[in-house]
Amino acid sequence: MRNIKLTLMYDGSKFHGYQLQPGLCTVESELRKAAKRILGEEIKPVSCSRTDAGVHANMFCCNFRTESDRKCEKLLCGLNAVLPSGIAVTGCEDVPESFHARYDCVSKEYIYKIWNSKSRNPFLENYALHYPFSLDCDFLNNQAKQFIGTHDFKSFCASGATVKTTVRTVFDCGVERENDLVVFHVSGNGFLYNMVRIMVGTLLSISEGKIEKNSIGKIIEAKDRSFAGVTAKADGLYLNKVFYPEVRPDAEQKH
């Protein structure tokens, strides 16, 4: 039995999120169908994360077990030949039996794109939030740094989440501008349900004066969702990178 790690990228606007949902077209459902066609067997992929409807991925990892002896290069080509245009496999490799795409992930990076112009950009519909009001990126970058550290991010978690703890560590966070495109980036050891979108919504609320500047620390301390800003639309959110520890060259591998 082999353990295969796949690296994907996908356009979230075309799917009802990543996770399998009965009767809905999701990234996982399409991946399972494609694998069945190429391998002739059902797979049960283990994912690094779960993205909501409309959320994109520049890098997404999953692993599954298979009895097939098809080489990874041919498997990658075969899957790309039958997957819908909104999904691409960018990497395929054998990994140790113990590898788990979710539990072995040590950090993730998300980005959120904002088209900051009075005019809409038709090429960024479903791929960036259109925000026509003025944004001071230096100011927002300074505000975003207040998220860095290990905190209880309960104020930045949507209701209905089922997690053992809302404590997470943010390694880096910031806001950058390239002409009319503003990009918020954040990396950490894990993220709560809608956490990044609420962080973005809070920064926009601070920019609008609806939330007091330099108050992110107070919002975190409150541990109350009502203290934070609105949840920004899913369109602008991308799972950008997923990080794993390097596998030792002498680690036991199958095939």
# chains A, B, ... in the order shown; residues from 1 in each chain; ligands from 1
>>> residues_around(residues="range 130-135 of chain A", least_positions_apart="2", cutoff="6 Å", atoms="only C-alpha atoms", output="compact mmCIF listing (two decimals) with C-alpha atoms, in the first residue's frame")
# COMPACT_ATOMS: atom_id res chain seq x y z
CA ILE A 114 -8.57 43.72 -2.48
CA TRP A 115 -9.12 45.67 -5.70
CA ASN A 116 -8.89 49.22 -4.36
CA SER A 117 -10.29 51.40 -7.13
CA LYS A 118 -13.46 53.36 -7.81
CA CYS A 137 -1.67 50.58 3.29
>>> residues_around(residues="Ser49 in chain A", least_positions_apart="5", cutoff="10 Å", atoms="only C-alpha atoms", output="list in words")
Tyr18, Gln19, Phe60, Cys61, Cys62, Ala101, Arg102, Tyr103, Cys105, Lys108, Gly190, Phe191, Leu239 and Val242 of chain A
>>> atom_distance(atom1="CA of Glu221 in chain A", atom2="CA of Ile111 in chain A")
24.4 Å
>>> closest_residue(among="A:Pro84, A:Gly229, A:Gly174, A:Gly78", to="Asn194 in chain A", atoms="only C-alpha atoms")
A:Gly229
>>> select_by_dssp(residues="range 34-197 of chain A", states="strand (DSSP E or B)", output="ChimeraX atom specification")
/A:46-47,56-66,87-95,107-115,129-130,149-152,167-178,181-188
>>> closest_residue(among="A:Met195, A:Ile211, A:Leu181, A:Val186", to="Leu124 in chain A", atoms="only C-alpha atoms")
A:Leu181
>>> residues_around(residues="Gln143 in chain A", least_positions_apart="6", cutoff="12 Å", atoms="only C-alpha atoms", output="JSON, numbers by chain")
{"A": [136, 137, 173, 174, 175, 184, 199, 200, 202, 203, 204, 205, 206, 207, 211, 212, 213, 214, 215, 216, 217]}
>>> write_last_selection(atoms="C-alpha atoms", output="PDB file, in the first residue's frame")
ATOM      1  CA  ASP A 136      -3.736  53.759   3.615  1.00  0.00           C
ATOM      2  CA  CYS A 137      -1.669  50.580   3.292  1.00  0.00           C
ATOM      3  CA  CYS A 173       1.074  39.487   9.030  1.00  0.00           C
ATOM      4  CA  GLY A 174       0.964  42.559   6.837  1.00  0.00           C
ATOM      5  CA  VAL A 175      -0.590  44.623   4.050  1.00  0.00           C
ATOM      6  CA  PHE A 184      -3.215  41.182   3.074  1.00  0.00           C
ATOM      7  CA  MET A 199      -9.181  39.821  10.324  1.00  0.00           C
ATOM      8  CA  VAL A 200      -9.547  41.530   6.941  1.00  0.00           C
ATOM      9  CA  THR A 202     -11.671  44.230  11.064  1.00  0.00           C
ATOM     10  CA  LEU A 203      -8.851  46.064   9.296  1.00  0.00           C
ATOM     11  CA  LEU A 204     -11.348  47.566   6.847  1.00  0.00           C
ATOM     12  CA  SER A 205     -13.571  48.636   9.743  1.00  0.00           C
ATOM     13  CA  ILE A 206     -10.565  50.320  11.367  1.00  0.00           C
ATOM     14  CA  SER A 207      -9.820  52.085   8.081  1.00  0.00           C
ATOM     15  CA  ILE A 211     -13.445  50.418  15.002  1.00  0.00           C
ATOM     16  CA  GLU A 212     -10.867  52.404  16.964  1.00  0.00           C
ATOM     17  CA  LYS A 213      -7.296  52.231  15.653  1.00  0.00           C
ATOM     18  CA  ASN A 214      -4.724  50.284  17.688  1.00  0.00           C
ATOM     19  CA  SER A 215      -7.538  48.271  19.263  1.00  0.00           C
ATOM     20  CA  ILE A 216      -6.780  44.814  17.838  1.00  0.00           C
ATOM     21  CA  GLY A 217      -5.150  43.795  21.127  1.00  0.00           C
TER      22      GLY A 217
END
>>> closest_atom_pairs(of="range 82-179 of chain A", to="range 65-72 of chain A", cutoff="8 Å", atoms="only C-alpha atoms", output="CSV")
residue,atom,partner,partner_atom,distance
A:Cys92,CA,A:Cys72,CA,5.6
A:Glu93,CA,A:Cys72,CA,5.8
A:Asp94,CA,A:Cys72,CA,7.4
>>> write_last_selection(atoms="C-alpha atoms", output="PDB file, in the first residue's frame")
ATOM      1  CA  CYS A  92       2.567  14.138  -6.900  1.00  0.00           C
ATOM      2  CA  GLU A  93       4.955  12.098  -4.776  1.00  0.00           C
ATOM      3  CA  ASP A  94       5.262   8.986  -2.647  1.00  0.00           C
TER       4      ASP A  94
END
>>> residues_around(residues="Ala57 in chain A", least_positions_apart="6", cutoff="7 Å", atoms="only C-alpha atoms", output="PyMOL selection string")
chain A and resi 9-11+238-240
>>> residues_around(residues="Leu83 in chain A", least_positions_apart="6", cutoff="10 Å", atoms="only C-alpha atoms", output="list of chain:residue names")
A:Val27, A:Glu30, A:Leu31, A:Arg32, A:Lys33, A:Ala34, A:Ala35, A:Val89
>>> select_by_dssp(residues="range 41-186 of chain A", states="alpha helix (DSSP H)", output="list of chain:residue names")
A:Cys72, A:Glu73, A:Lys74, A:Leu75, A:Leu76, A:Cys77, A:Gly78, A:Leu79, A:Asn80, A:Ala81, A:Val82, A:Cys137, A:Asp138, A:Phe139, A:Leu140, A:Asn141, A:Asn142, A:Gln143, A:Ala144
>>> closest_residue(among="A:Val55, A:Val167, A:Cys48, A:Ile38", to="Ser13 in chain A", atoms="only C-alpha atoms")
A:Val55
>>> atom_distance(atom1="CA of Phe153 in chain A", atom2="CA of Arg168 in chain A")
6.7 Å
>>> decode(residues="range 184-205 of chain A", atoms="N, CA, C and O atoms", output="PDB file, in the first residue's frame")
ATOM      1  N   PHE A 184      -3.428  41.506   1.665  1.00  0.00           N
ATOM      2  CA  PHE A 184      -3.215  41.182   3.074  1.00  0.00           C
ATOM      3  C   PHE A 184      -2.637  39.780   3.138  1.00  0.00           C
ATOM      4  O   PHE A 184      -3.140  38.870   2.473  1.00  0.00           O
ATOM      5  N   HIS A 185      -1.557  39.591   3.893  1.00  0.00           N
ATOM      6  CA  HIS A 185      -0.977  38.253   4.023  1.00  0.00           C
ATOM      7  C   HIS A 185      -0.816  37.907   5.501  1.00  0.00           C
ATOM      8  O   HIS A 185      -0.532  38.782   6.333  1.00  0.00           O
ATOM      9  N   VAL A 186      -1.011  36.641   5.808  1.00  0.00           N
ATOM     10  CA  VAL A 186      -0.852  36.182   7.188  1.00  0.00           C
ATOM     11  C   VAL A 186      -0.403  34.725   7.187  1.00  0.00           C
ATOM     12  O   VAL A 186      -0.895  33.916   6.401  1.00  0.00           O
ATOM     13  N   SER A 187       0.549  34.420   8.042  1.00  0.00           N
ATOM     14  CA  SER A 187       1.004  33.038   8.196  1.00  0.00           C
ATOM     15  C   SER A 187       0.913  32.653   9.664  1.00  0.00           C
ATOM     16  O   SER A 187       1.085  33.491  10.562  1.00  0.00           O
ATOM     17  N   GLY A 188       0.639  31.378   9.916  1.00  0.00           N
ATOM     18  CA  GLY A 188       0.503  30.923  11.291  1.00  0.00           C
ATOM     19  C   GLY A 188       0.462  29.413  11.370  1.00  0.00           C
ATOM     20  O   GLY A 188       0.498  28.718  10.358  1.00  0.00           O
ATOM     21  N   ASN A 189       0.395  28.908  12.589  1.00  0.00           N
ATOM     22  CA  ASN A 189       0.394  27.450  12.788  1.00  0.00           C
ATOM     23  C   ASN A 189      -0.982  26.840  12.580  1.00  0.00           C
ATOM     24  O   ASN A 189      -1.135  25.613  12.563  1.00  0.00           O
ATOM     25  N   GLY A 190      -1.984  27.676  12.404  1.00  0.00           N
ATOM     26  CA  GLY A 190      -3.339  27.190  12.163  1.00  0.00           C
ATOM     27  C   GLY A 190      -4.317  28.352  12.213  1.00  0.00           C
ATOM     28  O   GLY A 190      -3.999  29.413  12.767  1.00  0.00           O
ATOM     29  N   PHE A 191      -5.498  28.141  11.642  1.00  0.00           N
ATOM     30  CA  PHE A 191      -6.473  29.222  11.569  1.00  0.00           C
ATOM     31  C   PHE A 191      -7.863  28.693  11.920  1.00  0.00           C
ATOM     32  O   PHE A 191      -8.223  27.561  11.590  1.00  0.00           O
ATOM     33  N   LEU A 192      -8.645  29.553  12.564  1.00  0.00           N
ATOM     34  CA  LEU A 192     -10.006  29.214  12.954  1.00  0.00           C
ATOM     35  C   LEU A 192     -10.967  29.458  11.792  1.00  0.00           C
ATOM     36  O   LEU A 192     -10.610  30.055  10.777  1.00  0.00           O
ATOM     37  N   TYR A 193     -12.201  28.997  11.972  1.00  0.00           N
ATOM     38  CA  TYR A 193     -13.216  29.140  10.934  1.00  0.00           C
ATOM     39  C   TYR A 193     -13.464  30.620  10.644  1.00  0.00           C
ATOM     40  O   TYR A 193     -13.855  31.390  11.528  1.00  0.00           O
ATOM     41  N   ASN A 194     -13.218  31.039   9.395  1.00  0.00           N
ATOM     42  CA  ASN A 194     -13.390  32.415   8.927  1.00  0.00           C
ATOM     43  C   ASN A 194     -12.430  33.416   9.575  1.00  0.00           C
ATOM     44  O   ASN A 194     -12.619  34.636   9.465  1.00  0.00           O
ATOM     45  N   MET A 195     -11.392  32.928  10.244  1.00  0.00           N
ATOM     46  CA  MET A 195     -10.477  33.809  10.975  1.00  0.00           C
ATOM     47  C   MET A 195      -9.838  34.868  10.086  1.00  0.00           C
ATOM     48  O   MET A 195      -9.822  36.064  10.425  1.00  0.00           O
ATOM     49  N   VAL A 196      -9.312  34.460   8.938  1.00  0.00           N
ATOM     50  CA  VAL A 196      -8.625  35.416   8.072  1.00  0.00           C
ATOM     51  C   VAL A 196      -9.610  36.446   7.512  1.00  0.00           C
ATOM     52  O   VAL A 196      -9.310  37.640   7.453  1.00  0.00           O
ATOM     53  N   ARG A 197     -10.784  36.001   7.128  1.00  0.00           N
ATOM     54  CA  ARG A 197     -11.785  36.919   6.581  1.00  0.00           C
ATOM     55  C   ARG A 197     -12.254  37.925   7.634  1.00  0.00           C
ATOM     56  O   ARG A 197     -12.530  39.091   7.326  1.00  0.00           O
ATOM     57  N   ILE A 198     -12.326  37.509   8.883  1.00  0.00           N
ATOM     58  CA  ILE A 198     -12.708  38.426   9.965  1.00  0.00           C
ATOM     59  C   ILE A 198     -11.570  39.399  10.259  1.00  0.00           C
ATOM     60  O   ILE A 198     -11.799  40.582  10.544  1.00  0.00           O
ATOM     61  N   MET A 199     -10.332  38.934  10.158  1.00  0.00           N
ATOM     62  CA  MET A 199      -9.181  39.821  10.324  1.00  0.00           C
ATOM     63  C   MET A 199      -9.213  40.924   9.274  1.00  0.00           C
ATOM     64  O   MET A 199      -9.006  42.111   9.578  1.00  0.00           O
ATOM     65  N   VAL A 200      -9.473  40.550   8.020  1.00  0.00           N
ATOM     66  CA  VAL A 200      -9.547  41.530   6.941  1.00  0.00           C
ATOM     67  C   VAL A 200     -10.708  42.500   7.181  1.00  0.00           C
ATOM     68  O   VAL A 200     -10.557  43.724   7.053  1.00  0.00           O
ATOM     69  N   GLY A 201     -11.863  41.965   7.540  1.00  0.00           N
ATOM     70  CA  GLY A 201     -13.021  42.816   7.809  1.00  0.00           C
ATOM     71  C   GLY A 201     -12.759  43.789   8.945  1.00  0.00           C
ATOM     72  O   GLY A 201     -13.220  44.950   8.904  1.00  0.00           O
ATOM     73  N   THR A 202     -12.008  43.359   9.937  1.00  0.00           N
ATOM     74  CA  THR A 202     -11.671  44.230  11.064  1.00  0.00           C
ATOM     75  C   THR A 202     -10.736  45.352  10.628  1.00  0.00           C
ATOM     76  O   THR A 202     -10.921  46.518  11.010  1.00  0.00           O
ATOM     77  N   LEU A 203      -9.753  45.031   9.807  1.00  0.00           N
ATOM     78  CA  LEU A 203      -8.851  46.064   9.296  1.00  0.00           C
ATOM     79  C   LEU A 203      -9.610  47.100   8.458  1.00  0.00           C
ATOM     80  O   LEU A 203      -9.347  48.304   8.560  1.00  0.00           O
ATOM     81  N   LEU A 204     -10.552  46.630   7.651  1.00  0.00           N
ATOM     82  CA  LEU A 204     -11.348  47.566   6.847  1.00  0.00           C
ATOM     83  C   LEU A 204     -12.231  48.440   7.742  1.00  0.00           C
ATOM     84  O   LEU A 204     -12.412  49.636   7.470  1.00  0.00           O
ATOM     85  N   SER A 205     -12.756  47.854   8.802  1.00  0.00           N
ATOM     86  CA  SER A 205     -13.571  48.636   9.743  1.00  0.00           C
ATOM     87  C   SER A 205     -12.728  49.683  10.459  1.00  0.00           C
ATOM     88  O   SER A 205     -13.197  50.795  10.742  1.00  0.00           O
TER      89      SER A 205
END
